[in-house]
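Shown below: input17.txt, with compact mmCIF, N, CA, C and O atoms.
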# COMPACT_ATOMS: atom_id res chain seq x y z
N MET Z 44 4.15 -21.46 -5.52
CA MET Z 44 3.66 -20.25 -6.17
C MET Z 44 2.37 -20.50 -6.95
O MET Z 44 1.98 -19.68 -7.75
N HIS Z 45 1.72 -21.62 -6.68
CA HIS Z 45 0.48 -21.94 -7.38
C HIS Z 45 -0.66 -21.00 -7.02
O HIS Z 45 -1.69 -21.00 -7.68
N HIS Z 46 -0.49 -20.21 -5.98
CA HIS Z 46 -1.54 -19.29 -5.55
C HIS Z 46 -1.42 -17.91 -6.20
O HIS Z 46 -2.23 -17.04 -5.96
N THR Z 47 -0.40 -17.71 -7.04
CA THR Z 47 -0.17 -16.40 -7.64
C THR Z 47 -0.34 -16.43 -9.16
O THR Z 47 -0.12 -17.45 -9.80
N ALA Z 48 -0.72 -15.29 -9.70
CA ALA Z 48 -0.84 -15.12 -11.15
C ALA Z 48 -0.22 -13.77 -11.52
O ALA Z 48 -0.11 -12.88 -10.68
N THR Z 49 0.16 -13.65 -12.76
CA THR Z 49 0.66 -12.39 -13.29
C THR Z 49 -0.34 -11.84 -14.28
O THR Z 49 -0.81 -12.55 -15.17
N LEU Z 50 -0.67 -10.57 -14.12
CA LEU Z 50 -1.59 -9.90 -15.02
C LEU Z 50 -0.83 -8.81 -15.77
O LEU Z 50 -0.20 -7.96 -15.17
N THR Z 51 -0.85 -8.89 -17.08
CA THR Z 51 -0.23 -7.87 -17.91
C THR Z 51 -1.30 -7.25 -18.78
O THR Z 51 -2.02 -7.96 -19.48
N MET Z 52 -1.40 -5.95 -18.72
CA MET Z 52 -2.43 -5.26 -19.50
C MET Z 52 -1.97 -3.85 -19.80
O MET Z 52 -1.05 -3.34 -19.18
N GLY Z 53 -2.59 -3.25 -20.76
CA GLY Z 53 -2.31 -1.86 -21.09
C GLY Z 53 -3.39 -1.33 -22.01
O GLY Z 53 -4.09 -2.10 -22.66
N VAL Z 54 -3.51 -0.02 -22.01
CA VAL Z 54 -4.49 0.65 -22.85
C VAL Z 54 -3.76 1.72 -23.67
O VAL Z 54 -3.02 2.53 -23.10
N LEU Z 55 -3.95 1.69 -24.97
CA LEU Z 55 -3.34 2.70 -25.82
C LEU Z 55 -3.79 4.09 -25.41
O LEU Z 55 -4.93 4.30 -24.98
N ALA Z 56 -2.90 5.06 -25.55
CA ALA Z 56 -3.16 6.43 -25.09
C ALA Z 56 -4.47 7.00 -25.62
O ALA Z 56 -5.21 7.67 -24.88
N ASP Z 57 -4.80 6.74 -26.86
CA ASP Z 57 -6.03 7.28 -27.45
C ASP Z 57 -7.31 6.74 -26.79
O ASP Z 57 -8.39 7.32 -26.96
N TYR Z 58 -7.21 5.64 -26.05
CA TYR Z 58 -8.38 4.99 -25.48
C TYR Z 58 -8.44 5.10 -23.96
O TYR Z 58 -9.33 4.53 -23.33
N ARG Z 59 -7.51 5.84 -23.37
CA ARG Z 59 -7.51 5.99 -21.91
C ARG Z 59 -8.60 6.95 -21.46
O ARG Z 59 -9.13 7.72 -22.24
N ASP Z 60 -8.90 6.86 -20.18
CA ASP Z 60 -9.90 7.73 -19.54
C ASP Z 60 -11.32 7.46 -20.01
O ASP Z 60 -12.18 8.35 -20.01
N HIS Z 61 -11.58 6.23 -20.44
CA HIS Z 61 -12.93 5.82 -20.84
C HIS Z 61 -13.39 4.58 -20.07
O HIS Z 61 -14.39 3.97 -20.45
N GLY Z 62 -12.62 4.19 -19.05
CA GLY Z 62 -13.00 3.04 -18.24
C GLY Z 62 -12.50 1.69 -18.75
O GLY Z 62 -12.79 0.67 -18.14
N LEU Z 63 -11.75 1.71 -19.86
CA LEU Z 63 -11.27 0.43 -20.40
C LEU Z 63 -10.27 -0.25 -19.47
O LEU Z 63 -10.32 -1.48 -19.29
N GLY Z 64 -9.37 0.54 -18.89
CA GLY Z 64 -8.38 -0.04 -17.98
C GLY Z 64 -9.04 -0.68 -16.77
O GLY Z 64 -8.69 -1.79 -16.37
N ALA Z 65 -10.02 0.01 -16.21
CA ALA Z 65 -10.74 -0.53 -15.06
C ALA Z 65 -11.48 -1.81 -15.45
O ALA Z 65 -11.50 -2.78 -14.68
N ALA Z 66 -12.09 -1.83 -16.63
CA ALA Z 66 -12.81 -3.02 -17.08
C ALA Z 66 -11.85 -4.19 -17.29
O ALA Z 66 -12.15 -5.33 -16.90
N LEU Z 67 -10.71 -3.93 -17.90
CA LEU Z 67 -9.72 -4.99 -18.11
C LEU Z 67 -9.20 -5.50 -16.77
O LEU Z 67 -9.03 -6.72 -16.57
N LEU Z 68 -8.92 -4.59 -15.85
CA LEU Z 68 -8.43 -4.97 -14.54
C LEU Z 68 -9.46 -5.83 -13.80
O LEU Z 68 -9.14 -6.89 -13.26
N ASP Z 69 -10.71 -5.38 -13.80
CA ASP Z 69 -11.77 -6.15 -13.15
C ASP Z 69 -11.90 -7.54 -13.74
O ASP Z 69 -12.03 -8.53 -13.02
N ARG Z 70 -11.84 -7.63 -15.07
CA ARG Z 70 -11.98 -8.94 -15.74
C ARG Z 70 -10.80 -9.85 -15.42
O ARG Z 70 -10.98 -11.04 -15.15
N GLY Z 71 -9.60 -9.29 -15.43
CA GLY Z 71 -8.42 -10.09 -15.11
C GLY Z 71 -8.44 -10.60 -13.69
O GLY Z 71 -8.11 -11.78 -13.43
N LEU Z 72 -8.85 -9.76 -12.75
CA LEU Z 72 -8.91 -10.19 -11.35
C LEU Z 72 -10.04 -11.19 -11.13
O LEU Z 72 -9.90 -12.12 -10.34
N ALA Z 73 -11.15 -11.01 -11.83
CA ALA Z 73 -12.25 -11.98 -11.74
C ALA Z 73 -11.80 -13.34 -12.25
O ALA Z 73 -12.10 -14.38 -11.64
N TRP Z 74 -11.07 -13.34 -13.35
CA TRP Z 74 -10.55 -14.60 -13.89
C TRP Z 74 -9.63 -15.27 -12.87
O TRP Z 74 -9.72 -16.48 -12.63
N ALA Z 75 -8.75 -14.48 -12.24
CA ALA Z 75 -7.83 -15.03 -11.25
C ALA Z 75 -8.59 -15.63 -10.07
O ALA Z 75 -8.30 -16.74 -9.62
N ARG Z 76 -9.59 -14.91 -9.57
CA ARG Z 76 -10.42 -15.43 -8.46
C ARG Z 76 -11.12 -16.72 -8.87
O ARG Z 76 -11.12 -17.70 -8.12
N ASP Z 77 -11.73 -16.70 -10.04
CA ASP Z 77 -12.48 -17.87 -10.52
C ASP Z 77 -11.60 -19.10 -10.70
O ASP Z 77 -12.08 -20.23 -10.69
N ASN Z 78 -10.31 -18.87 -10.88
CA ASN Z 78 -9.38 -19.98 -11.09
C ASN Z 78 -8.52 -20.29 -9.87
O ASN Z 78 -7.52 -21.00 -9.97
N GLY Z 79 -8.93 -19.77 -8.72
CA GLY Z 79 -8.31 -20.16 -7.46
C GLY Z 79 -7.05 -19.42 -7.07
O GLY Z 79 -6.38 -19.82 -6.11
N TYR Z 80 -6.70 -18.36 -7.76
CA TYR Z 80 -5.51 -17.59 -7.39
C TYR Z 80 -5.84 -16.67 -6.23
O TYR Z 80 -6.97 -16.19 -6.10
N ARG Z 81 -4.86 -16.41 -5.39
CA ARG Z 81 -5.07 -15.56 -4.22
C ARG Z 81 -4.33 -14.24 -4.32
O ARG Z 81 -4.68 -13.29 -3.62
N LYS Z 82 -3.30 -14.17 -5.18
CA LYS Z 82 -2.49 -12.96 -5.29
C LYS Z 82 -2.13 -12.76 -6.75
O LYS Z 82 -1.81 -13.72 -7.45
N VAL Z 83 -2.17 -11.51 -7.19
CA VAL Z 83 -1.87 -11.19 -8.58
C VAL Z 83 -0.77 -10.12 -8.62
O VAL Z 83 -0.80 -9.16 -7.85
N TYR Z 84 0.18 -10.33 -9.52
CA TYR Z 84 1.30 -9.42 -9.70
C TYR Z 84 1.23 -8.73 -11.05
O TYR Z 84 0.66 -9.26 -12.01
N GLN Z 85 1.87 -7.56 -11.12
CA GLN Z 85 2.11 -6.91 -12.40
C GLN Z 85 3.45 -6.17 -12.28
O GLN Z 85 3.70 -5.48 -11.29
N ASN Z 86 4.28 -6.33 -13.29
CA ASN Z 86 5.59 -5.66 -13.34
C ASN Z 86 5.58 -4.65 -14.46
O ASN Z 86 5.08 -4.93 -15.55
N LEU Z 87 6.17 -3.47 -14.20
CA LEU Z 87 6.23 -2.46 -15.24
C LEU Z 87 7.36 -1.50 -14.98
O LEU Z 87 7.88 -1.42 -13.87
N PRO Z 88 7.78 -0.76 -16.01
CA PRO Z 88 8.85 0.21 -15.83
C PRO Z 88 8.42 1.31 -14.86
O PRO Z 88 7.28 1.77 -14.90
N ALA Z 89 9.34 1.74 -14.02
CA ALA Z 89 9.05 2.80 -13.05
C ALA Z 89 8.68 4.11 -13.75
O ALA Z 89 7.99 4.94 -13.15
N THR Z 90 9.10 4.26 -14.98
CA THR Z 90 8.78 5.48 -15.73
C THR Z 90 7.31 5.53 -16.15
O THR Z 90 6.82 6.58 -16.56
N ASN Z 91 6.59 4.42 -16.04
CA ASN Z 91 5.17 4.38 -16.37
C ASN Z 91 4.37 4.78 -15.14
O ASN Z 91 3.63 4.00 -14.55
N GLU Z 92 4.55 6.04 -14.75
CA GLU Z 92 3.94 6.54 -13.52
C GLU Z 92 2.42 6.49 -13.54
O GLU Z 92 1.78 6.27 -12.51
N GLY Z 93 1.82 6.70 -14.72
CA GLY Z 93 0.37 6.64 -14.83
C GLY Z 93 -0.16 5.27 -14.47
O GLY Z 93 -1.17 5.14 -13.78
N ALA Z 94 0.53 4.22 -14.92
CA ALA Z 94 0.10 2.86 -14.62
C ALA Z 94 0.30 2.54 -13.14
O ALA Z 94 -0.56 1.90 -12.51
N VAL Z 95 1.41 2.98 -12.57
CA VAL Z 95 1.65 2.75 -11.14
C VAL Z 95 0.56 3.45 -10.33
O VAL Z 95 -0.04 2.85 -9.43
N ASP Z 96 0.26 4.70 -10.67
CA ASP Z 96 -0.80 5.44 -9.96
C ASP Z 96 -2.15 4.75 -10.11
O ASP Z 96 -2.91 4.65 -9.15
N PHE Z 97 -2.47 4.28 -11.32
CA PHE Z 97 -3.73 3.58 -11.59
C PHE Z 97 -3.86 2.34 -10.72
O PHE Z 97 -4.90 2.11 -10.08
N LEU Z 98 -2.82 1.53 -10.70
CA LEU Z 98 -2.87 0.29 -9.91
C LEU Z 98 -2.97 0.59 -8.42
O LEU Z 98 -3.76 -0.03 -7.71
N GLU Z 99 -2.20 1.56 -7.94
CA GLU Z 99 -2.27 1.91 -6.52
C GLU Z 99 -3.66 2.43 -6.16
O GLU Z 99 -4.19 2.12 -5.08
N ALA Z 100 -4.27 3.21 -7.04
CA ALA Z 100 -5.62 3.72 -6.80
C ALA Z 100 -6.65 2.60 -6.76
O ALA Z 100 -7.74 2.76 -6.21
N ASN Z 101 -6.29 1.44 -7.33
CA ASN Z 101 -7.18 0.28 -7.35
C ASN Z 101 -6.77 -0.78 -6.33
O ASN Z 101 -7.14 -1.96 -6.47
N GLY Z 102 -6.01 -0.38 -5.32
CA GLY Z 102 -5.71 -1.27 -4.21
C GLY Z 102 -4.42 -2.07 -4.29
O GLY Z 102 -4.14 -2.88 -3.41
N TRP Z 103 -3.64 -1.87 -5.35
CA TRP Z 103 -2.37 -2.58 -5.49
C TRP Z 103 -1.30 -1.85 -4.69
O TRP Z 103 -1.38 -0.65 -4.48
N THR Z 104 -0.28 -2.61 -4.25
CA THR Z 104 0.84 -2.01 -3.53
C THR Z 104 2.15 -2.40 -4.19
O THR Z 104 2.27 -3.48 -4.78
N VAL Z 105 3.12 -1.51 -4.09
CA VAL Z 105 4.46 -1.79 -4.60
C VAL Z 105 5.13 -2.74 -3.63
O VAL Z 105 5.19 -2.48 -2.43
N GLU Z 106 5.60 -3.87 -4.14
CA GLU Z 106 6.27 -4.86 -3.30
C GLU Z 106 7.77 -4.89 -3.52
O GLU Z 106 8.50 -5.30 -2.63
N ALA Z 107 8.22 -4.51 -4.71
CA ALA Z 107 9.65 -4.59 -4.99
C ALA Z 107 10.01 -3.67 -6.15
O ALA Z 107 9.15 -3.32 -6.97
N THR Z 108 11.26 -3.30 -6.18
CA THR Z 108 11.81 -2.54 -7.29
C THR Z 108 13.13 -3.19 -7.69
O THR Z 108 13.98 -3.45 -6.82
N ARG Z 109 13.28 -3.49 -8.97
CA ARG Z 109 14.55 -4.04 -9.47
C ARG Z 109 15.24 -2.91 -10.22
O ARG Z 109 14.73 -2.41 -11.23
N GLU Z 110 16.38 -2.51 -9.71
CA GLU Z 110 17.11 -1.39 -10.28
C GLU Z 110 17.69 -1.75 -11.65
O GLU Z 110 18.25 -2.82 -11.84
N GLY Z 111 17.52 -0.82 -12.59
CA GLY Z 111 18.13 -0.97 -13.90
C GLY Z 111 17.70 -2.21 -14.66
O GLY Z 111 18.50 -2.79 -15.40
N HIS Z 112 16.47 -2.62 -14.52
CA HIS Z 112 16.02 -3.86 -15.13
C HIS Z 112 15.74 -3.72 -16.63
O HIS Z 112 15.98 -4.65 -17.40
N TYR Z 113 15.22 -2.58 -17.05
CA TYR Z 113 14.90 -2.36 -18.46
C TYR Z 113 15.96 -1.45 -19.08
O TYR Z 113 16.51 -0.58 -18.41
N LEU Z 114 16.19 -1.63 -20.37
CA LEU Z 114 17.09 -0.75 -21.12
C LEU Z 114 16.28 -0.10 -22.23
O LEU Z 114 15.81 -0.76 -23.16
N PHE Z 115 16.06 1.21 -22.09
CA PHE Z 115 15.33 1.98 -23.09
C PHE Z 115 16.25 3.05 -23.64
O PHE Z 115 16.70 3.94 -22.91
N ASP Z 116 16.55 2.98 -24.94
CA ASP Z 116 17.39 3.99 -25.60
C ASP Z 116 18.68 4.24 -24.81
O ASP Z 116 19.04 5.37 -24.51
N ASP Z 117 19.35 3.16 -24.45
CA ASP Z 117 20.61 3.21 -23.71
C ASP Z 117 20.49 3.72 -22.28
O ASP Z 117 21.49 4.03 -21.63
N ASP Z 118 19.28 3.85 -21.77
CA ASP Z 118 19.06 4.26 -20.38
C ASP Z 118 18.49 3.09 -19.59
O ASP Z 118 17.54 2.43 -20.04
N LEU Z 119 19.06 2.83 -18.42
CA LEU Z 119 18.54 1.79 -17.56
C LEU Z 119 17.38 2.35 -16.74
O LEU Z 119 17.48 3.45 -16.17
N VAL Z 120 16.30 1.60 -16.69
CA VAL Z 120 15.09 2.02 -16.00
C VAL Z 120 14.70 0.93 -15.00
O VAL Z 120 14.76 -0.26 -15.32
N ASP Z 121 14.31 1.34 -13.81
CA ASP Z 121 13.90 0.39 -12.79
C ASP Z 121 12.59 -0.28 -13.17
O ASP Z 121 11.75 0.29 -13.87
N GLU Z 122 12.41 -1.49 -12.65
CA GLU Z 122 11.14 -2.20 -12.77
C GLU Z 122 10.44 -2.15 -11.42
O GLU Z 122 11.05 -2.37 -10.38
N VAL Z 123 9.14 -1.86 -11.44
CA VAL Z 123 8.33 -1.85 -10.23
C VAL Z 123 7.42 -3.07 -10.27
O VAL Z 123 6.78 -3.35 -11.28
N GLN Z 124 7.40 -3.82 -9.16
CA GLN Z 124 6.50 -4.97 -9.05
C GLN Z 124 5.40 -4.59 -8.07
O GLN Z 124 5.66 -4.24 -6.91
N LEU Z 125 4.16 -4.62 -8.56
CA LEU Z 125 3.00 -4.35 -7.73
C LEU Z 125 2.20 -5.63 -7.57
O LEU Z 125 2.26 -6.51 -8.43
N ALA Z 126 1.44 -5.70 -6.48
CA ALA Z 126 0.63 -6.90 -6.24
C ALA Z 126 -0.64 -6.52 -5.50
O ALA Z 126 -0.72 -5.47 -4.86
N VAL Z 127 -1.62 -7.40 -5.61
CA VAL Z 127 -2.86 -7.26 -4.87
C VAL Z 127 -3.29 -8.65 -4.39
O VAL Z 127 -3.16 -9.64 -5.13
N TRP Z 128 -3.73 -8.73 -3.15
CA TRP Z 128 -4.30 -9.96 -2.63
C TRP Z 128 -5.77 -9.97 -2.96
O TRP Z 128 -6.48 -8.96 -2.76
N LEU Z 129 -6.28 -11.07 -3.44
CA LEU Z 129 -7.67 -11.14 -3.87
C LEU Z 129 -8.64 -11.37 -2.73
O LEU Z 129 -9.82 -11.11 -2.86
N ASP Z 130 -8.16 -11.84 -1.60
CA ASP Z 130 -9.05 -12.12 -0.47
C ASP Z 130 -9.06 -10.99 0.55
O ASP Z 130 -9.57 -11.14 1.63
N GLU Z 131 -8.49 -9.85 0.20
CA GLU Z 131 -8.47 -8.71 1.14
C GLU Z 131 -9.40 -7.64 0.69
O GLU Z 131 -9.75 -7.49 -0.42
Please express what this file holds, its structure, as structure tokens.
Amino acid sequence: MHHTATLTMGVLADYRDHGLGAALLDRGLAWARDNGYRKVYQNLPATNEGAVDFLEANGWTVEATREGHYLFDDDLVDEVQLAVWLDE
């Protein structure tokens, strides 16, 4: 698994829609490329539909879903794992 990295990022609601997420994503992927990684993952709750849509719009694909992985206020929420290949 030496060819993979995990990228975790987020933008507070008050700062969205100003290009910060795209800038953070670009910087994180550039870092991964510069350090020899070929694939990058990000895991997040399925209820974070905005983040899933954002990543998919930027070339990421859903690779897996873990049912009931998170517990929020006594509710089980699925986890979505997205990934992007850096050489594609």
Who sits within 7 Å of Val120 of chain Z, only C-alpha atoms, same chain under 5 positions skipped, as a PDB file with N, CA, C and O atoms, in the coordinates of the input:
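Just written: out20.pdb:
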ATOM      1  N   PRO Z  88       7.780  -0.760 -16.010  1.00  0.00           N
ATOM      2  CA  PRO Z  88       8.850   0.210 -15.830  1.00  0.00           C
ATOM      3  C   PRO Z  88       8.420   1.310 -14.860  1.00  0.00           C
ATOM      4  O   PRO Z  88       7.280   1.770 -14.900  1.00  0.00           O
ATOM      5  N   ALA Z  89       9.340   1.740 -14.020  1.00  0.00           N
ATOM      6  CA  ALA Z  89       9.050   2.800 -13.050  1.00  0.00           C
ATOM      7  C   ALA Z  89       8.680   4.110 -13.750  1.00  0.00           C
ATOM      8  O   ALA Z  89       7.990   4.940 -13.150  1.00  0.00           O
ATOM      9  N   GLU Z 110      16.380  -2.510  -9.710  1.00  0.00           N
ATOM     10  CA  GLU Z 110      17.110  -1.390 -10.280  1.00  0.00           C
ATOM     11  C   GLU Z 110      17.690  -1.750 -11.650  1.00  0.00           C
ATOM     12  O   GLU Z 110      18.250  -2.820 -11.840  1.00  0.00           O
ATOM     13  N   GLY Z 111      17.520  -0.820 -12.590  1.00  0.00           N
ATOM     14  CA  GLY Z 111      18.130  -0.970 -13.900  1.00  0.00           C
ATOM     15  C   GLY Z 111      17.700  -2.210 -14.660  1.00  0.00           C
ATOM     16  O   GLY Z 111      18.500  -2.790 -15.400  1.00  0.00           O
ATOM     17  N   HIS Z 112      16.470  -2.620 -14.520  1.00  0.00           N
ATOM     18  CA  HIS Z 112      16.020  -3.860 -15.130  1.00  0.00           C
ATOM     19  C   HIS Z 112      15.740  -3.720 -16.630  1.00  0.00           C
ATOM     20  O   HIS Z 112      15.980  -4.650 -17.400  1.00  0.00           O
ATOM     21  N   TYR Z 113      15.220  -2.580 -17.050  1.00  0.00           N
ATOM     22  CA  TYR Z 113      14.900  -2.360 -18.460  1.00  0.00           C
ATOM     23  C   TYR Z 113      15.960  -1.450 -19.080  1.00  0.00           C
ATOM     24  O   TYR Z 113      16.510  -0.580 -18.410  1.00  0.00           O
ATOM     25  N   LEU Z 114      16.190  -1.630 -20.370  1.00  0.00           N
ATOM     26  CA  LEU Z 114      17.090  -0.750 -21.120  1.00  0.00           C
ATOM     27  C   LEU Z 114      16.280  -0.100 -22.230  1.00  0.00           C
ATOM     28  O   LEU Z 114      15.810  -0.760 -23.160  1.00  0.00           O
TER      29      LEU Z 114
END
Fill in: Selection: 8 Å around Leu67 of chain Z, all atoms listed in the file, excl. self and same-chain fewer than 6 positions, as a PyMOL selection string
chain Z and resi 51-53+73-74
Item to complete: Compare Z:Leu50, Z:Ala94, Z:Asn101, Z:Leu87 by their minimum atom-to-atom distance to Val123 of chain Z, counting only C-alpha atoms, and give me the closest one.
Response: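 Residue with the minimum atom-to-atom distance to Val123 of chain Z: Z:Leu87.
Straight-line separation from atom C of Ala75 of chain Z to atom CA of Gly102 of chain Z: 15.8 Å.
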Worksheet item: If you count only C-alpha atoms, which residues fall within 6 Å of Thr49 of chain Z, apart from same-chain ones fewer than 6 positions away, as a PyMOL selection string?
Response: chain Z and resi 83-85
Worksheet item: Can you list, as a list in words, every protein, DNA or RNA residue that comes within 8 Å of Arg81 of chain Z when you count only N, CA, C and O atoms, leaving out same-chain residues fewer than 2 positions away?
Response: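 The residues that qualify are Met44, His45, His46, Thr47, Ala48, Ala75, Arg76, Asn78, Gly79, Val83, Tyr84, Val127, Trp128, Leu129, Asp130 and Glu131 of chain Z.
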Worksheet item: Could you pull out the strand (DSSP E or B) residues of chain Z from DSSP and send them as an MDAnalysis selection string?
Response: chainID Z and resid 47:49 82:88 104:115 118:128
Fill in: Interatomic distance (Å, one decimal) between atom CA of Asp121 of chain Z and atom N of Asn86 of chain Z
11.7 Å
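The spacing separating atom O of Gly62 of chain Z from atom CA of Leu98 of chain Z amounts to 12.9 Å.
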Output as AutoDock Vina command-line options the centre and edge lengths (Å, one decimal) of the box along x, y and z of the file that holds every listed atom of segment 110-119 of chain Z after adding 6 Å on each side.
--center_x 18.2 --center_y 0.4 --center_z -17.7 --size_x 18.6 --size_y 22.0 --size_z 27.9
Worksheet entry | In segment 54-126 of chain Z, DSSP helix (DSSP H, G or I) residues written as a list in words |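 Written out, the helix (DSSP H, G or I) residues of segment 54-126 of chain Z are Ala56, Asp57, Tyr58, Leu63, Gly64, Ala65, Ala66, Leu67, Leu68, Asp69, Arg70, Gly71, Leu72, Ala73, Trp74, Ala75, Arg76, Asp77, Glu92, Gly93, Ala94, Val95, Asp96, Phe97, Leu98, Glu99 and Ala100 of chain Z.
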